[in-house]
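Visitor: Before I ask anything, here is the structure I am working with.
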Amino acid sequence: MDKRLLPIFIVVFVDILGFSIVLPLLPYYAGNFNASDQLIGLLIASYSLCQFIAAPLLGNLSDSYGRRPVLLYSQLGSLAGFLILGLAIHLPNPLAWMFLGRMIDGFSGGNLTVAQAYISDVTQPEVRAKTFGMIIGGSFGLGFTIGPGLGSVISSRFGYDITAYVAAAFSLGSILATIFLLPETQHQRDESRPKGLAMYTRVLEYFSLPELRSLLLIFFFMSLPFTIYTTMFPLFAKKQLNFSVQQAGSFLSIVGLLGVFWQAGMIGAIVKRFGEFKALMLGLIASALGLYYVALVDSWWKLIVVALLFSFGHGVSRPPLTSIITQAAPPNRRGGVLGAVTSLESISRVLGPLLGGWLIAMHPSWLGWVGGTLYVIATLIGLSVKSARQTSVPA
């Protein structure tokens with residue numbers, strides 16, 4: 001394994017850990033200042049909205065000026081955002097400062113985009129899916145398994161502002177890891193990068209490329225149900241199973257641990273056995289079955305089936321899809337393409353809670369039926385990509 005992958009794992013893990021410590025606490029933190037449910041929803045969405053705007057820009061900048069400086073900028077923004085979030089309680093109009101902190105973090109939120117571009121620079125296509133699974137998947141799973149529990153313990157004992165400061169400390173550790181451990185990559189730079197607002201037209205250009213368009217649509221219809229499920233599961237479990245917050249959190253932690261197992265431990269063998277495309281399709285089908293089964297859950301033990309299918313599906317589908325996207329992207333625009341991917345994920349993080357809340361209000365089982373159907377749409381788009389590939393191969 002390339003020696004540069006260890007520091008990039010540290011960078012991504014520490015960033016995800018800081019993010020996951022703070023995110024579940026935002027509703028309670030803002031609630032201390034009598035924020036309405038709508039305002040809390042807007043606070044949570046503000047980060048993703050700003051990241052949606054910034055991610056393509058940061059990805060394109062990394063194509064032209066290098067991964068390391070853009071990654072450092074992104075990490076400094078996260079550090080500033082967490083510090084402002086912690087200080088908000090001591091300042092006049094704290095909700096405004098909380099919004100500012102989340103928006104600064106969002107506008108600088110290119111950590112994952114640039115990290116994925118970095119990995120694509122230093123790995124060969126045949127091992128890229130495995131590497132994405134180990135580095136991105138492993139750090140996500142560990143971060144989201146450890147972060148929420150750690151954040152709840154710190155906030156209950158010391159306060160929400162201290163939790164934000166702890167997240168800032170993790171962010172500072174990530175910055176130091178980048179400065180002292182992470183070298184710049186040698187990648188093909190994009191000398192034709194457009195200036196100013198014209199940079200955003202690149203996102204539309206990617207959709208004009210048939211294979212990239214289909215792959216980006218697969219990613220969107222995979223990310224949306226994932227976000228709906230992960231953000232709305234506590235409410236679903238409360239209404240359907242009378243779960244407490246602790247029980248819902250414990251279940252999500254189990255799903256996170258299973259995700260670590262699939263992505264960090266099994267993805268390499270699965271891709272080697274079936275290939276990237278078949279692994280992607282297998283994961284999408286398993287995810288669809290897992291969410292359809294949510295609609296049938298009427299007792300806690302049935303969640304075991306959901307956890308196994310859903311964690312396997314997401315763990316096996318995302319790394320191959322990311323690898324396939326980087327291979328379909330022009331070499332000098334990988335950062336920009338991955339920025340577009342991050343923007344699509346940000347859109348799903350804005351739409352997911354809104355759609356999920358409406359579905360549960362109609363009936364909790366709708367969460368499963370609609371979520372599973374969105375995965376089926378992603379699967380059908382994938383089948384069309386496979387068919388197009390086969391017909392393009394000369395007989």
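By convention in this document, the chains of the structure tokens carry letters A, B, ... by their order, each chain's residues are numbered from 1, and ligands are numbered from 1 in the order they are shown.
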Give me the residues within 7 Å of range 354-357 of chain A as an MDAnalysis selection string, counting only C-alpha atoms and dropping any in the same chain fewer than 4 places off.
Guide: chainID A and resid 228 232 361 367
Visitor: Go ahead and write the selection's residues with C-alpha atoms as an mmCIF file, in the first residue's frame.
Guide:
data_model
loop_
_atom_site.group_PDB
_atom_site.id
_atom_site.type_symbol
_atom_site.label_atom_id
_atom_site.label_comp_id
_atom_site.auth_asym_id
_atom_site.auth_seq_id
_atom_site.Cartn_x
_atom_site.Cartn_y
_atom_site.Cartn_z
ATOM 1 C CA ILE A 228 -33.482 9.770 4.098
ATOM 2 C CA MET A 232 -35.018 9.947 9.740
ATOM 3 C CA ALA A 361 -45.956 12.033 8.606
ATOM 4 C CA LEU A 367 -39.982 5.509 4.405
#
Visitor: Can you list, as a compact mmCIF listing (two decimals) with C-alpha atoms, in the first residue's frame, every protein, DNA or RNA residue that comes within 9 Å of range 293-297 of chain A when you count only C-alpha atoms, leaving out same-chain residues fewer than 4 positions away?
Guide:
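Output (result19.txt):
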# COMPACT_ATOMS: atom_id res chain seq x y z
CA GLN A 240 -43.00 2.51 14.82
CA LEU A 241 -41.15 0.79 17.68
CA ALA A 288 -33.20 -1.74 -2.09
CA LEU A 289 -34.18 -4.97 -0.33
CA TRP A 301 -35.52 -8.02 15.90
CA LYS A 302 -36.52 -7.41 12.27
CA LEU A 303 -34.09 -4.51 12.27
CA VAL A 305 -32.27 -7.97 8.66
CA VAL A 306 -32.35 -4.28 7.76
CA PRO A 364 -43.77 5.34 8.79
CA SER A 365 -43.80 2.44 6.33
CA TRP A 366 -43.59 4.89 3.43
CA LEU A 367 -39.98 5.51 4.41
CA GLY A 368 -39.17 1.96 3.31
CA TRP A 369 -41.33 1.83 0.20
CA GLY A 372 -36.36 1.11 -1.73
Visitor: Taking 5 positions as the minimum chain separation for residues in the same chain, which residues sit within 10 Å of Gly41 in chain A when counting only C-alpha atoms? Answer as a VMD selection string.
Guide: chain A and resid 26 to 27 35 to 36 46 350 353 to 354
Visitor: Contacts between range 105-126 of chain A and range 208-306 of chain A, please, where a residue of range 208-306 of chain A counts if it comes within 12 Å (with only C-alpha atoms); show its shortest atom pair and distance in Å to one decimal, rows by chain and ascending number, as a tab-separated table.
Guide:
residue	atom	partner	partner_atom	distance
A:Gly268	CA	A:Glu126	CA	10.1
A:Val271	CA	A:Glu126	CA	9.3
A:Lys272	CA	A:Glu126	CA	8.9
A:Gly275	CA	A:Glu126	CA	9.4
A:Glu276	CA	A:Glu126	CA	9.0
Visitor: Let's have the selection written as a CSV table (one decimal), in the first residue's frame, with C-alpha atoms.
Guide:
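Writing done, so here's part_11.csv:
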chain,number,residue,atom,x,y,z
A,268,GLY,CA,-11.4,-5.9,-2.0
A,271,VAL,CA,-14.5,-6.6,-6.3
A,272,LYS,CA,-11.8,-9.1,-7.1
A,275,GLY,CA,-15.6,-6.8,-10.7
A,276,GLU,CA,-16.5,-3.2,-9.9
Visitor: Just give me the gap between CA of Leu39 in chain A and CA of Phe233 in chain A in Å, one decimal is fine.
Guide: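 Straight-line distance from CA of Leu39 in chain A to CA of Phe233 in chain A works out to 20.5 Å.
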Visitor: Can you pull out every residue within 8 Å of Glu184 in chain A, counting only C-alpha atoms, but drop anything in the same chain fewer than 6 positions away, and send it as a PyMOL selection string?
Guide: chain A and resi 66-68
Visitor: Which residue gives the smallest distance to Phe236 in chain A among A:Ile360, A:Leu212, A:Ile44, A:Leu61, with only C-alpha atoms counted?
Guide: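 Ranked by minimum distance to Phe236 in chain A, first place goes to A:Ile360.
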Visitor: With a distance cut-off of 8 Å and only C-alpha atoms, select the neighbouring residues of Ala378 in chain A, excluding the residue or stretch itself and same-chain residues fewer than 2 positions from it, and output the selection as a compact mmCIF listing (two decimals) with N, CA and C atoms, in the first residue's frame.
Guide:
# COMPACT_ATOMS: atom_id res chain seq x y z
N LEU A 217 -26.09 10.19 -11.96
CA LEU A 217 -27.49 9.95 -11.59
C LEU A 217 -27.60 8.74 -10.66
N ILE A 218 -26.80 7.70 -10.93
CA ILE A 218 -26.78 6.55 -10.02
C ILE A 218 -26.39 7.02 -8.63
N PHE A 219 -25.35 7.84 -8.57
CA PHE A 219 -24.87 8.32 -7.27
C PHE A 219 -25.97 9.09 -6.54
N PHE A 221 -29.33 8.92 -6.91
CA PHE A 221 -30.43 8.07 -6.48
C PHE A 221 -30.00 7.01 -5.48
N MET A 222 -28.70 6.89 -5.26
CA MET A 222 -28.17 6.06 -4.17
C MET A 222 -28.03 6.89 -2.90
N LEU A 284 -26.49 -2.16 -4.78
CA LEU A 284 -27.74 -1.42 -4.99
C LEU A 284 -28.96 -2.31 -4.73
N LEU A 374 -36.29 4.27 -4.75
CA LEU A 374 -35.21 5.13 -5.24
C LEU A 374 -33.96 4.30 -5.54
N TYR A 375 -33.69 3.29 -4.72
CA TYR A 375 -32.57 2.39 -5.02
C TYR A 375 -32.83 1.58 -6.28
N VAL A 376 -34.08 1.19 -6.52
CA VAL A 376 -34.43 0.47 -7.75
C VAL A 376 -34.16 1.35 -8.97
N LEU A 380 -31.79 0.44 -12.10
CA LEU A 380 -32.20 0.46 -13.51
C LEU A 380 -31.28 1.34 -14.35
N ILE A 381 -30.85 2.47 -13.80
CA ILE A 381 -29.89 3.31 -14.53
C ILE A 381 -28.59 2.55 -14.71
N GLY A 382 -28.17 1.81 -13.67
CA GLY A 382 -26.97 1.00 -13.78
C GLY A 382 -27.07 -0.05 -14.87
Visitor: Of the candidates A:Leu224, A:Lys239, A:Ile267, A:Ile84, which one gets nearest to Met362 in chain A if we count only C-alpha atoms?
Guide: A:Lys239
